[in-house]
Structure formats: C-alpha cells, structure tokens
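Enquirer: Before I ask anything, here is the structure I am working with.
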Amino acid sequence: MSDHHKGDGSGVETFDARSPSRRRFLKTMGASSLAAATAPAWAQIAQAGQQQTEPVEPRDDGAPAEGEQQIRLTVNGVEHTLNVTPNAVLLDVLRDRLMLTGTKKGCDQGQCGACTLLVNDTAINSCLSLAVSHDGDRVTTIEGLSSGDELHPVQAAFWEHDAYQCGYCTSGQIMSAVAILNDDNIGSDDASVREAMSGNICRCGAYKNILAAVQDARGRMRGAS
Amino acid sequence: MSDSIIGAGPKRIDGQRKVTGEAPYAADHHPDNMAYGYGIFSTIARGTVTGLELDAARQSPGVIDIFHHGHFPELHRSPASMPQGNKVEETRLPFEDNHVHYEGQFVALVVADTFENARAAARKVVVSYQADDNAIANLDQGVKAHGTKKGGDNHERGDAAGSFDGAAHSIDVTYTTPVETHNPMEMHASVASWEGDRLTIYESSQGVVQQRGALSKIFGIPQEHIRVESPFIGSGFGSKLWMWPHAVAASAAARETGRPVQLVVPREQMFTTTGHRPETRQRMRLATDDSGRLVSLRHESINTTSFTDQYVETCGSVTKSLYSCPNLLVSHETTQVNRGTPTSMRAPGAAPGLFALESAIDEMAHEAGVDPLEFRLNNYADRDESQDLDFSSNHIREATQKAAEQFGWHDRNPEIGSMREGHEIIGYGMAACNWEAIKRECEARVSLRADGTAHVTCATQDIGTGTYTIVAQTVSDITGLPLEKITVRLGDTSYPAGPVSGGSWTTATTLPAVAAATREAIEELKGYATSKKGDFADVDSDSLTFENGQLTHDGQGVDYVDVLKGQRLASADGHAHTQGADDRYSYRSFGAHFVEVRWDPGISNLRVSRVVSAIDVGRVINSMTARNQVEGAIVMGLGMAHFEATDYDARNARPVNNNYAEYVVPVHADQPPEVDVILLDYPDLEFNEFGARGIGEIGITGMAAAVANAVYHATGKRIRDLPIFKEKLMENVPEVQSA
Amino acid sequence: MREFNYARADSTRQAVSTHGRNDQAAYLAGGTTLLDLVKIDIMRPEQVVDINRLDLGGIETLDDGRVRIGALVTNTALARDERIQRDYAVLSEALLSGATTQLRNKATTAGNVMQRVRCPYFRDGVSSCNKREPGSGCAAIEGHNRSVHAVLGTSEHCIATHPSDMCVAMAAIGATITVEGPDGRREIDFLDFHLLPNDTPEREHNLKPGELITHVTLAAPLENSRSGYLKLRDRASYQFALASSAVIVTLDGDTIVEARVALGGVGTKPWRAFDAEKALKGQQISEATFKRAAEIALQGATPYAHNAFKIPLGQQAIVRNLTTLTA
C-alpha cells in the first residue's frame, strides 16, 4: 500500500494516486514527516510560508520567453522562479504550473471563495490576482498547512465535525478559517464567524458543521499555543 | 449483523484527503502534454450561426485548433436510454449543426497550450448570428405560442372533478416555481485523453457507467475502450447525473488534436448548458368534507423543457400517495422554451411539487378551519392508494408529532401576525417531506487480502454523501476488520458496474451488493480453509464462522491472513450482482419540517431563524454523514424558498443573473442559528437487509412550503410564487406598468 | 483575459507617465473590479499599470482634523483603523458590509471609488448598453431590473446603480479625492466625482485620461455625532445593497442639530439626500420626522418594472437607521 498514509491514525486509502502532482506529493511525504519539529506548523501560521514542509520541488523556469515575465514566488516555503504571461492568474499558475491543485476554482470571478489562500498571511481570492503582481510574495495554500502527517487543527476539526460534503469548497473554507482564527479583529462569537466566513459558499450547505469545526479549532489552537 | 459500526458515526475515510486538498477532482488531473479547451457560447437564444471569424483567434498565442459546426468530427447521437446505460439529457451533440436553441450553447471551442492562451483566443472569435425574434423566454410565452405536450407519470382515481363541486370546503389556487440552478461548487469539467482508439476521461460525474455507455454510442467504440473516472466530485445535485455536451466536445477535441484536453464549463454556462430545474406552474384544487377530510385532490402541472429534448418535472409524484383521498388526479405537461435542457435537481418533481402541495394543504386546512398539523394527521395515507400497496414502513405520524413537540408547535398562537419580538414578527410553518425509496441493480467486488486488508471496488460514486465511508462500514460490519484496514475505490468504470449517484438510491443499492460480495469472499476463503491443504481441512465449510478477521470452528480460530498465507494466496475474492427492489410494497421515505421565520416589516427583512425536522428514512448507516445530508438539504431548501431564481429576459430568453453574485444562494450568515434534525431510524427490512432507504433528497422536499406557510402565519401573505422575495411581502410598493 | 502589457510602477510619477493619456491603459490596484471585467472581456486594456507598490498605503490625520487615506489602503485596513472606527463609524460599517473578508483584503480605497456597475446587460457583452457601447440603448430599462438598478438619478440611457457601500458613507461624511495625472495634481469634491448617467452613461467619473487617484481625504468628523450604515439585501451577507443608508446625526437633547444622509443601492451614484437632511435639522426626533425625511429623500424616484420596492425599502433604510442612532 504505497499510498497509504495516516493523519491521526484513521486515514485510509480510498483510491490510487494517479495524477503526477499527487505522486510527487506522496513521494515526499515520508521525508516531510520528519519535519515534525517542536512547534507544529499551524502554531506559527504567520511563518507557515517558511516551513520546509512543502513537498513540491523548487521550480526554475530559466530565462523568460517573449511576452513572459519572471517572478519569484515563495509557495509553502519553497521559492520558485517562474515565467508567466501578464494575463496568467495566480490560481491557474499554482494549479497548472506548480500542480498545487488543492486550491480550487469555483467561479473564477471572486464570487465563491473556493480559491481562497493566504498571500503574506492575508486571505485573498487567488482567482482575482495576477501572478505577475505577486512577485516576491509568500503564498500559503492548503498543501502548506499540515506539517507532514500532522494536520493543522482546523483541518483536523473539519474532518472531526464532517464540515464538508463534496469537499470542493473545503480548501477555501479552511484557509479562510485559519485566517479568521489568527485575526483578533474578528469576533469569536458564532455570528461574527458566520459573517466573516460568508465569502466561502458551500453549496452542499454544511454551514452548521463548518461553524462547529471553526469554533472547535479555536479551542484547539488556543490550547496548543 | 453487529450494531456497532452500522449506525455509528465514524468520520469519513476520505476525510483526510478532503481537508488536505489532496482529493483529486476532474480538473486537478494534468496528463502529460495536456492542452486546454475554452468554449465560445451562443449569445442568442434562438436562430442560426451564420459566420465565424477565426483569423484573430487562430493567430493568438498557443492556439492548436478551433472547433465549430463546420469543423468537428462526425459523431453519433446516444440513444439516451437509462436501461441501456447510455442516458444523456441533452441528446443534441455539440457543433452538430449551426442551429441555436438556447443562449449559452456551445458554438465553438478553442484548444490551446495553456488555459490563459485558450481563454484569450476564445475572446477573439467573432460569431455572427441570424437571431430568430420568436425566442420563447418563459413558460407563459411557451404555452401561448405552442401550447403544451403531455408528460408522463399521470394518475387518476375516483372522480376528482365531480367530488370537488359541492364539497364543504375547497380551494383552487396556482403556484409557480422559477428555474433553479444546481450550481455545485465544482464547475463541470472533463479531462480527456486518447491512446489509439482508447479513451480515458476524468469527469465530474455522478454516473461514470452511464457516461461510458453514452460515449461508446457517440464515438462508436466499444465500452471496453473507454474509462471514465470520477473518484471525487465537487457535488452535482443532479446536474452531473448525465453527460453534457462539454464532455463530448473535450473528447472529440482530444482525439482530433492528439493531445489530452481539459475543458471546464465556466460558471456562467453552468446556468445554460448543464441542466437546471425547470420553471413550473401548478394548479391545485383541493376539497374536504365538513370534518376536514380530503374528498378531492387535483395537482396539474406544466413545466418548461427545451426545444431539443423532453424533460418532465413530475411535480405530482408525491401527491399520488401522501394523503388519503379517493378522488385524485395528477397530470404533467411540458412546454418548450429556448433554454438548455432541464434535468433532475435534488428531489426532482418533489421539491417544486411539495412546495405546491404542502402550501395548498396549509391553505386547505385554514379554509376548513383546522390546525395544519391536525389536518395532516387526519389526512395522511396509511397505505399507497395510487398503487394499492402497503407502505413497507411509514412513520410519518411519529415524525410529525416528534418534530412538532421539539419545535413547540403547540405554543403557537395561530392568529396571523400575533407573535412578536422586538421589531420582528414571528411565524411558524410546517410541511411534510416525502421521497420515493429506490433500489437498483448493482455489482461490487470485495477482496480479503493476505496483507490483512479488504479491498472494495464499485463503479458508483461518492458525490459528497459519504458513500466511501458507508461501504467501508458495511465490510467492517461483516468482517470485523477496522475501517483503517478497508480500502474503498469508487468512481471508475474499470470497477464492477454501480449505480448513478442520484435518486437517494446509492445506499440501498450499493450496500447489499458490497455485503453480498463480502460474503462471497468469505465463502471463497472458507473454501481455501477447508481444502486439503487448509487449516480446516476436514471441516464442513458451512460450519465455519467468520468473525473479527478470523475463521472459527469449535472454538478454534485462525486469522484469515494466515489462511491465505498458508497457501501462498494473495486474496479471497467475492463478486456480487444484486437486483433492484421488488414491487411487494410501496417504498417511500417520510418526514416533516417545522420552520420559524422572522419578518421585520420596518426594514422588510425576512429570515429563517429555526428549523426542526424529523426524518424517517429507515435505518441510518452513518449518523454523522446522514445528518449532514438533511442539514444541507434544509439549507438548499431555504435558498429555494427565499432567494433562488434564474431570471431570463422576457424579450430574448437571455439569462440575466447567471453568476454566483446575482443568483443568490445561502451563505454562512443565512444559516439559521438553530437547525435540529431528528432521524427516526426505523429499519425498513422489507426494502433491503440494512433497512436503509437513502437520505440525499428528502430534506429539501417540503422545505419551501414550510417557509411559505410560516411567512403566511407571520404576515398573512400567501406567497404562491417562489422565491419569497421581500417585495412580495412589502406594503406600498408602487405599481409599475411592465413594458 | 486577452493579452496585455504589464508594468509595475515604483512611484506615482512613473505610474502616471507609463499610463500616459492612453485610453487603452488601466491602473491595477486590488484588481477585484478590473480583473473581473477583463476576464469577462468587458474591459480590454492593452497596458496594465500595477500601482500596488506605490507608497499610498497610509492613513493620516491632518492638522485641520481631516483624515487622508492613501489610495491603496485596503477596505479591511480602513474599516479597522481606530480613527475610522471612532470618528467615522458609518464608514467602517459600510466597508464591513461590503463584499467578503477576502475581497475586502484585496480591494482598495481608490479601487472601491472606481468600482463599476453590476448591471447584467453591461456585463454580458452583447445586450444594448450605452455605458459599454454609447448609443446602443439601455436593455435594463425594459428588461430585468430588480436588484442592481436604480430609482434615483436614472436617465433614459442608463439605470444601473453604483454598487459601492464605502462611497455611500463617504458621500455622507464629505470628502475630497486627490488625483495625479499628466497635467499634475488636482482635487475633486467627492460628490462631484461620480457622474449621473444623463446622456453620457459611458462617462462614470470626473477623471481625465491618465489621472490616478492618490488619496481620499475625509472631512473632519462632526463633533459629538453618531453615525451608522444600514444595508438591506436578500441574503444576510455577500450581496450588493438593494437599499442602504449612511446616516450621521448630532443631537441636542431630542433635537436634531445636524444630519447627513446618503443612500446606496437605489441611486446611479452614491446618493446624498440633502433635502432629507434639511427636513431633519432642527426637528425633534420622532418616527414622523424620520418618515417625512425618508419620503423626501426618495421624492422624484422613478420605479422600473422590478425595482419599485426600492422606493419604500430606501425609505425604511433611512427610518430604521435614524431610529437606531437616536435611540
């Protein structure tokens, strides 16, 4: 069972790894699990970008072709040198070039939140961001949240509370939740969380469980930090 | 069968993949050398394409090819038969000719080396049209222009018309529901690759087997040459049951260009070319006797369909059997409009149908002077009068009473607008829920492997409902293996044929097949164990038992792994092929919603503040995922009641709010602070060995009516046309003459 | 998105010179409007000038009590600024009622001022739209015009609402927009910045070609005032206003000394209701007073087939906001 791996002990294989990105991800899991350092990645999400837990190899596109511009993007702690056309969108560059497909495209026009990720620790819609504008920026995607086999408390809480159905909006929900839980300006009461999370549509309607997960993760993060 | 794992609420076995972003959805696949497609869609609703200017697009960076009706391989139509396994809803092929039947129809497809280049080039394609000014924009226009066609699933008993006239109390009212759009979070997507004459396609699909069959017919190649994979889908709610034109376009483009092609349907076209719930108009005529017993019930509906295909929204499907009534008529008709072909959306027929029926029951109860709860209890059917069959299991009275009690229905002051708190007027409303229980034929394979794991395959899908997990629970229940040792693989046509994930039939259909295959595997294992070289060489295999991963006889147990290893065998395998439901009973699920709304007339704000629902779906296999299904359906039902409508310009049938900003679906902030779901959990063992009937759709049925009935209680306004926009409840809205 | 040239500016001067008077150029700040419209091919810039690295991200209180906001201050940062929360609650509330957490994190102050209409006939690229294609007509007037169409300030050529919440608050507060362009720097009164559609709906604002907004300076806060923003819509969040009100009042006992009222969701521009303010000043607080002011605010409104409810809804937004603030 080459692609069997565990989270908190109950992870099981449900299908084969097929996409190259996934194979690469899995190939590096063993090594990255060694990175279970003293402080888990989530406890210092502000520095998450610096954690060397990301399995993707640094990419260097070399000299840019005509019509392309060279940018440096630090994604989940790995610095990439990429050549992009000006009309390339951050979301598409992550998904199609770096094969970081955990960040989803739900509408491609800033109306659903599925593409939410952190740029310099701030949650944004990556579908409304030109990649070229982010030269030098630090990006954290869902793939950069867990530390090896150890899930971020928000990820663990989402799993625990069944805070999804189809799972497609989940990456965006989790990234928003991580940002919200690290933001003292957002109230901790249910209504404030609901309002702050309203940019992440869940068509399956798992809102009740998502709220429960976020509030549970709040406790877990507080307890651990 | 042990009760420990069936009915428990273990977290999902695929959950880690979802929370880490690893779960691969269709467009996450990037086969080597993949190219990207981007569609060009019609900007008229009816007419013909008269020209395509392609030069600028062809010269655009990275363009590989541009397909259109003048440049597309000749393909065949699918017979579109579900029993044959090749159903599609829209039978017309993309680029079949230059005719346009709806706005947002594929008229060209650019294939380029990158997504950016494909989209940029697509913007440069200039299409000219001859628009037909007679585009039919809505149901009223359709009926006026072309009348209606008979639909199916009609029913008549007694003399509904005769018993209506002269009855003690009666109502004659018409309800309408607008087009609703599924809008799953994941846009439809295909990634198609050919190797010689073999096609592999990753698809966001609720039915890989049907898609394979359709592709086989369309491309004229054997099914064995096609593999459709859909291990994870960003839900579908019906829109992904049957293949839509984009998958044909992507497959053809991949074959023609010799490269894998990814094609994602943009969000705007998720409103046009991938189905929708059609518009309906439903006339309800009900009558009771003096005591408030129904004596006549007529439910006559018309729904819109496309000019290419006939789709019937069976609004009266529930009406036939939910209430006892000797004189009943249910009829369905369609009318053609210039919209894409409609399709099943969560609880097709029942969702709009129960808005009408359960609103009408509320109106009828008021007319008869009976509390709506009492009215229902007095009139619920005890057997299915439409089929003259007993229900296999029906606990609707208990569901209604339990939910009423928990909700506090009896504390309600029935007087309109009488319950207030601060600025808000509180309204209580209720409605029944109902959905047919269906079980189809299914195959599954289970291997008990020498490494101590079990491996299950079935070509059904997990669309977010938790199928992976309940399949593992089933195997665990029979074998005693922990979930961690059970591998489940779904959503791939290379596995034994499984059902479309729809109709709430996946649980009842798949689990018996998985259970039978597991037992087959155990039988095979027993055969090995009792063979000459086996651990139980002299034992009759029937006297062996299998528990907790051990074969046992007379107190002597051997781990099944040792049985296999002892004979250097890799696995013991079972394959099962189970059949659909019989017709001994009427199999249905039941329930009731109780809803509290709050209307603030000072700012014209309506919100749903509390929901209590009791649901009778037979045995619950996974309490956590089951509850999630009902809670999610309540949210979607709230959207249906309150916000959702795809609007079309009446002048030209152009969709005007085809995006996620203006087609309003509930967000986190709309979640009612209190939603309580009671799962009755009475096993329906007449239906299948697990007693489970399925739970995906029932939660949305009746929800819109419960909200509308609560709104009536709060405001005195009977809203018969969804959605319940605030202006329908406001006073002093100036009259404007519509142009 | 079609191809375009991209240049990142390091200074305002450089931004302005790169842009020049080129009407095919566009400044890129948060991108939440521009990239959306470029993606759907409604805007087709040949040159994008990225101004995100300019030093326009500060908020400062000037000697005269006004507050100067840099063009690139995000909606989130502005809403959370202590001075804004303390002295301009209406602005903070308006910002937080708009869009979503993620969009507010990107969207900038200048970008919000430059937000474009949500009219589906503008956005679909094919319907008649005088804003997109002057002279082609307005499909909205006799089309579907419920949620993002106005009842105030409309013309026979355009009825789209200005979608911003922030601008409604700024219209009530009073502000000056500072721009820098090929001809140098100038200031524009906030209420003169957005243009009514009249005969030229394609002209949405008072910027000359190549001009860049560098700052928005808020009028000094009204002393002892209370202010608030009330937004009414269908769903509870993440939707443009069907009607909204920004209200600032100062009271002397039960007497209204000063009142500022602006409306959103109902006007073709952020709508300052001066006549309603006059009807409030000097009056005792009462429901009747508020209702009268609200009626005056919507006087002359033109309802269309699907949005007539915005007239009473706009009135309600004013009455409830005043009621809450004076309670």
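Just so we're on the same page: first chain in the structure tokens is A, next is B, and so on; residues restart at 1 for each chain, and ligands are numbered from 1 in the order they show up.
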Please, which residues of chain C lie no more than 12 Å from chain A when the count uses only C-alpha atoms, and can they be set out as a PyMOL selection string?
Expert: chain C and resi 1-9+28-40+44-53+74+76-77+79-82+96-107+235-240
Enquirer: Once you count only C-alpha atoms, which residues of chain C turn out to be within 10 Å of chain B? Could you give them as a PyMOL selection string?
Expert: chain C and resi 1-3+39-41+99+118-121+123-127+139-145+147-148+230-240+243+302-321
Enquirer: Please produce an output containing C-alpha atoms for each residue in the selection, written as a PDB file, in the first residue's frame.
Expert:
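Listed below is the output, out.pdb:
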ATOM      1  CA  MET C   1      -8.297  37.545 -20.477  1.00  0.00           C
ATOM      2  CA  ARG C   2      -6.719  38.744 -23.650  1.00  0.00           C
ATOM      3  CA  GLU C   3      -3.066  39.587 -23.703  1.00  0.00           C
ATOM      4  CA  LYS C  39     -11.780  38.172 -17.580  1.00  0.00           C
ATOM      5  CA  ILE C  40     -15.262  38.576 -18.986  1.00  0.00           C
ATOM      6  CA  ASP C  41     -13.878  40.746 -21.790  1.00  0.00           C
ATOM      7  CA  ALA C  99     -18.271  42.040  -0.325  1.00  0.00           C
ATOM      8  CA  ARG C 118     -23.174  45.227 -11.809  1.00  0.00           C
ATOM      9  CA  CYS C 119     -25.856  45.600 -14.462  1.00  0.00           C
ATOM     10  CA  PRO C 120     -26.115  42.241 -16.255  1.00  0.00           C
ATOM     11  CA  TYR C 121     -26.668  43.963 -19.576  1.00  0.00           C
ATOM     12  CA  ARG C 123     -21.592  42.666 -18.089  1.00  0.00           C
ATOM     13  CA  ASP C 124     -22.959  40.300 -20.738  1.00  0.00           C
ATOM     14  CA  GLY C 125     -21.059  41.994 -23.533  1.00  0.00           C
ATOM     15  CA  VAL C 126     -23.870  41.706 -26.059  1.00  0.00           C
ATOM     16  CA  SER C 127     -27.011  43.465 -24.857  1.00  0.00           C
ATOM     17  CA  ALA C 139     -31.543  46.960 -22.218  1.00  0.00           C
ATOM     18  CA  ALA C 140     -32.187  47.289 -18.494  1.00  0.00           C
ATOM     19  CA  ILE C 141     -34.930  49.885 -18.654  1.00  0.00           C
ATOM     20  CA  GLU C 142     -37.429  47.429 -20.078  1.00  0.00           C
ATOM     21  CA  GLY C 143     -35.525  44.344 -19.074  1.00  0.00           C
ATOM     22  CA  HIS C 144     -34.820  42.621 -15.824  1.00  0.00           C
ATOM     23  CA  ASN C 145     -34.079  45.408 -13.370  1.00  0.00           C
ATOM     24  CA  SER C 147     -31.529  44.198  -7.766  1.00  0.00           C
ATOM     25  CA  VAL C 148     -28.743  46.262  -9.274  1.00  0.00           C
ATOM     26  CA  LEU C 230     -27.658  50.074   7.355  1.00  0.00           C
ATOM     27  CA  LYS C 231     -27.646  47.756   4.377  1.00  0.00           C
ATOM     28  CA  LEU C 232     -30.698  45.828   3.210  1.00  0.00           C
ATOM     29  CA  ARG C 233     -30.468  42.902   0.832  1.00  0.00           C
ATOM     30  CA  ASP C 234     -31.831  39.409   0.193  1.00  0.00           C
ATOM     31  CA  ARG C 235     -29.274  37.188   1.831  1.00  0.00           C
ATOM     32  CA  ALA C 236     -27.622  38.173   5.053  1.00  0.00           C
ATOM     33  CA  SER C 237     -24.166  38.811   3.629  1.00  0.00           C
ATOM     34  CA  TYR C 238     -22.152  38.950   0.414  1.00  0.00           C
ATOM     35  CA  GLN C 239     -24.654  40.792  -1.713  1.00  0.00           C
ATOM     36  CA  PHE C 240     -24.843  44.261  -3.149  1.00  0.00           C
ATOM     37  CA  ALA C 243     -31.072  49.705  -0.466  1.00  0.00           C
ATOM     38  CA  THR C 302     -38.519  56.531 -10.853  1.00  0.00           C
ATOM     39  CA  PRO C 303     -39.546  52.937 -10.316  1.00  0.00           C
ATOM     40  CA  TYR C 304     -38.998  50.332 -13.011  1.00  0.00           C
ATOM     41  CA  ALA C 305     -40.818  47.067 -13.557  1.00  0.00           C
ATOM     42  CA  HIS C 306     -38.939  45.010 -10.965  1.00  0.00           C
ATOM     43  CA  ASN C 307     -37.393  47.518  -8.592  1.00  0.00           C
ATOM     44  CA  ALA C 308     -40.293  49.675  -7.447  1.00  0.00           C
ATOM     45  CA  PHE C 309     -39.892  48.155  -3.987  1.00  0.00           C
ATOM     46  CA  LYS C 310     -36.631  50.034  -3.631  1.00  0.00           C
ATOM     47  CA  ILE C 311     -38.568  53.222  -3.021  1.00  0.00           C
ATOM     48  CA  PRO C 312     -40.189  52.039   0.218  1.00  0.00           C
ATOM     49  CA  LEU C 313     -37.096  49.972   1.034  1.00  0.00           C
ATOM     50  CA  GLY C 314     -34.826  53.001   0.713  1.00  0.00           C
ATOM     51  CA  GLN C 315     -37.185  54.902   2.995  1.00  0.00           C
ATOM     52  CA  GLN C 316     -37.067  52.100   5.518  1.00  0.00           C
ATOM     53  CA  ALA C 317     -33.274  52.106   5.424  1.00  0.00           C
ATOM     54  CA  ILE C 318     -33.327  55.759   6.433  1.00  0.00           C
ATOM     55  CA  VAL C 319     -36.023  55.496   9.088  1.00  0.00           C
ATOM     56  CA  ARG C 320     -34.548  52.473  10.856  1.00  0.00           C
ATOM     57  CA  ASN C 321     -31.042  53.866  10.745  1.00  0.00           C
TER      58      ASN C 321
END
Enquirer: Using only C-alpha atoms for the distances, tell me which of A:His80, A:Val75, A:Val214, A:Gln70 is nearest to A:His152.
Expert: A:Val214
Enquirer: List the neighbours of C:Arg185 out to 10 Å using only C-alpha atoms; skip same-chain residues closer than 6 positions along the sequence, and give me the result as a list in words.
Expert: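 In the requested format, the answer is Thr178, Val179, Glu211, Leu212, Ile213 and Thr214 of chain C.
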Enquirer: Between A:Leu82, A:Met221, A:Ala163, A:Ala212, which is the closest to chain B once you count only C-alpha atoms?
Expert: A:Ala163
Enquirer: Please measure the separation of atom CA of B:Trp244 and atom CA of B:Lys150, giving the value in Å to one decimal.
Expert: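 Taking atom CA of B:Trp244 and atom CA of B:Lys150, their separation equals 25.1 Å.
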Enquirer: Could you work out how far atom CA of B:Thr314 lies from atom CA of B:Lys149, giving the answer in Å with one decimal?
Expert: 13.7 Å
Enquirer: Given the choices B:Ala26, B:Leu525, B:Val295, B:Leu93, which gets closest to B:Ser204 if the distance is worked out from only C-alpha atoms?
Expert: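 The closest residue to B:Ser204 is B:Ala26.
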Enquirer: Give the alpha helix (DSSP H) residues of stretch 50-294 of chain C, as assigned by DSSP on the backbone, as a PyMOL selection string.
Expert: chain C and resi 75-80+82-87+89-97+101-106+109-113+120-123+166-173+190-193+274-280+287-294
Enquirer: When you draw a straight line from atom CA of B:Gln130 to atom CA of B:Arg46, how long is it in Å?
Expert: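 According to the coordinates, atom CA of B:Gln130 and atom CA of B:Arg46 are separated by 8.6 Å.
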Enquirer: Env of stretch 357-363 of chain B: 6 Å cut, atoms = only C-alpha atoms, seq-sep filter 4 positions within chain, self excluded. Answer as an mmCIF file with C-alpha atoms, in the first residue's frame.
Expert:
data_model
loop_
_atom_site.group_PDB
_atom_site.id
_atom_site.type_symbol
_atom_site.label_atom_id
_atom_site.label_comp_id
_atom_site.auth_asym_id
_atom_site.auth_seq_id
_atom_site.Cartn_x
_atom_site.Cartn_y
_atom_site.Cartn_z
ATOM 1 C CA PRO B 372 -52.459 22.473 9.731
ATOM 2 C CA ALA B 431 -44.797 20.856 5.857
ATOM 3 C CA ALA B 705 -43.635 25.190 1.698
#
Enquirer: For B:Leu54, list every protein, DNA or RNA residue within 7 Å, evaluated using only C-alpha atoms, and leave out those in the same chain fewer than 2 positions away; present the list as a PyMOL selection string.
Expert: chain B and resi 52+56-58+125-126
Enquirer: Write out the residues from the selection above, keeping N, CA and C atoms, as a PDB file, in the first residue's frame.
Expert:
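Saved file result.pdb follows:
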ATOM      1  N   LEU B  52     -18.329  32.662 -38.627  1.00  0.00           N
ATOM      2  CA  LEU B  52     -17.342  32.650 -37.539  1.00  0.00           C
ATOM      3  C   LEU B  52     -16.068  33.280 -38.069  1.00  0.00           C
ATOM      4  N   ALA B  56      -8.210  36.044 -36.130  1.00  0.00           N
ATOM      5  CA  ALA B  56      -7.514  36.637 -34.980  1.00  0.00           C
ATOM      6  C   ALA B  56      -7.265  35.581 -33.909  1.00  0.00           C
ATOM      7  N   ALA B  57      -8.238  34.722 -33.694  1.00  0.00           N
ATOM      8  CA  ALA B  57      -8.079  33.686 -32.676  1.00  0.00           C
ATOM      9  C   ALA B  57      -7.007  32.677 -33.097  1.00  0.00           C
ATOM     10  N   ARG B  58      -7.005  32.327 -34.375  1.00  0.00           N
ATOM     11  CA  ARG B  58      -6.007  31.357 -34.845  1.00  0.00           C
ATOM     12  C   ARG B  58      -4.594  31.884 -34.670  1.00  0.00           C
ATOM     13  N   VAL B 125     -12.699  35.156 -31.018  1.00  0.00           N
ATOM     14  CA  VAL B 125     -13.592  34.546 -32.005  1.00  0.00           C
ATOM     15  C   VAL B 125     -14.831  35.432 -32.141  1.00  0.00           C
ATOM     16  N   VAL B 126     -15.146  35.807 -33.341  1.00  0.00           N
ATOM     17  CA  VAL B 126     -16.335  36.630 -33.556  1.00  0.00           C
ATOM     18  C   VAL B 126     -17.384  35.780 -34.271  1.00  0.00           C
TER      19      VAL B 126
END
Enquirer: Considering only C-alpha atoms, can you say which of B:Glu103, B:Asp133, B:Glu524, B:Glu484 comes closest to B:Arg12?
Expert: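 Of B:Glu103, B:Asp133, B:Glu524, B:Glu484, the one nearest B:Arg12 is B:Glu484, counting only C-alpha atoms.
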Enquirer: From the set B:Arg285, B:Arg212, B:His182, B:His29, which residue has the shortest atom-to-atom contact distance to B:Ala247, counting only C-alpha atoms?
Expert: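 So, comparing all the options, the nearest one is B:Arg212.
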Enquirer: Leaving out C:Arg13 and any residue of its chain fewer than 4 positions from it, which residues lie within 10 Å of it when counting only C-alpha atoms, given as a count of residues only?
Expert: 10
Enquirer: Ranking B:Tyr663, B:Tyr175, B:Tyr587, B:Trp242 by minimum distance to chain A and counting only C-alpha atoms, which one comes first?
Expert: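 Checking each candidate against chain A, we get B:Tyr663 as the closest.
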Enquirer: Quick one: everything within 7 Å of stretch 135-138 of chain A, counting only C-alpha atoms, minus sequence neighbours fewer than 6 positions away in the same chain. Send it as a list in words.
Expert: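 Here the qualifying residues turn out to be Gly49, Ile71, Arg72, Leu73, Thr74, Val75, Val119 and Asn120 of chain A.
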Enquirer: Would you write out those residues with N, CA and C atoms, as a PDB file, in the first residue's frame?
Expert:
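Final output, saved to selection-v6.pdb:
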ATOM      1  N   GLY A  49       4.817  30.000   5.732  1.00  0.00           N
ATOM      2  CA  GLY A  49       5.489  30.023   4.458  1.00  0.00           C
ATOM      3  C   GLY A  49       6.957  29.637   4.566  1.00  0.00           C
ATOM      4  N   ILE A  71       8.985  35.909 -12.312  1.00  0.00           N
ATOM      5  CA  ILE A  71       8.629  36.268 -10.930  1.00  0.00           C
ATOM      6  C   ILE A  71       9.197  35.229  -9.974  1.00  0.00           C
ATOM      7  N   ARG A  72       9.392  35.683  -8.753  1.00  0.00           N
ATOM      8  CA  ARG A  72       9.754  34.750  -7.678  1.00  0.00           C
ATOM      9  C   ARG A  72       8.563  34.652  -6.744  1.00  0.00           C
ATOM     10  N   LEU A  73       8.205  33.432  -6.464  1.00  0.00           N
ATOM     11  CA  LEU A  73       7.033  33.197  -5.627  1.00  0.00           C
ATOM     12  C   LEU A  73       7.421  32.166  -4.575  1.00  0.00           C
ATOM     13  N   THR A  74       7.260  32.505  -3.336  1.00  0.00           N
ATOM     14  CA  THR A  74       7.549  31.526  -2.293  1.00  0.00           C
ATOM     15  C   THR A  74       6.230  30.877  -1.890  1.00  0.00           C
ATOM     16  N   VAL A  75       6.101  29.625  -2.271  1.00  0.00           N
ATOM     17  CA  VAL A  75       4.840  28.930  -2.029  1.00  0.00           C
ATOM     18  C   VAL A  75       5.072  27.843  -0.991  1.00  0.00           C
ATOM     19  N   VAL A 119      -1.849  35.168   1.068  1.00  0.00           N
ATOM     20  CA  VAL A 119      -0.679  35.843   0.499  1.00  0.00           C
ATOM     21  C   VAL A 119      -0.129  36.730   1.608  1.00  0.00           C
ATOM     22  N   ASN A 120       1.095  36.489   1.962  1.00  0.00           N
ATOM     23  CA  ASN A 120       1.709  37.205   3.089  1.00  0.00           C
ATOM     24  C   ASN A 120       0.764  37.178   4.297  1.00  0.00           C
TER      25      ASN A 120
END
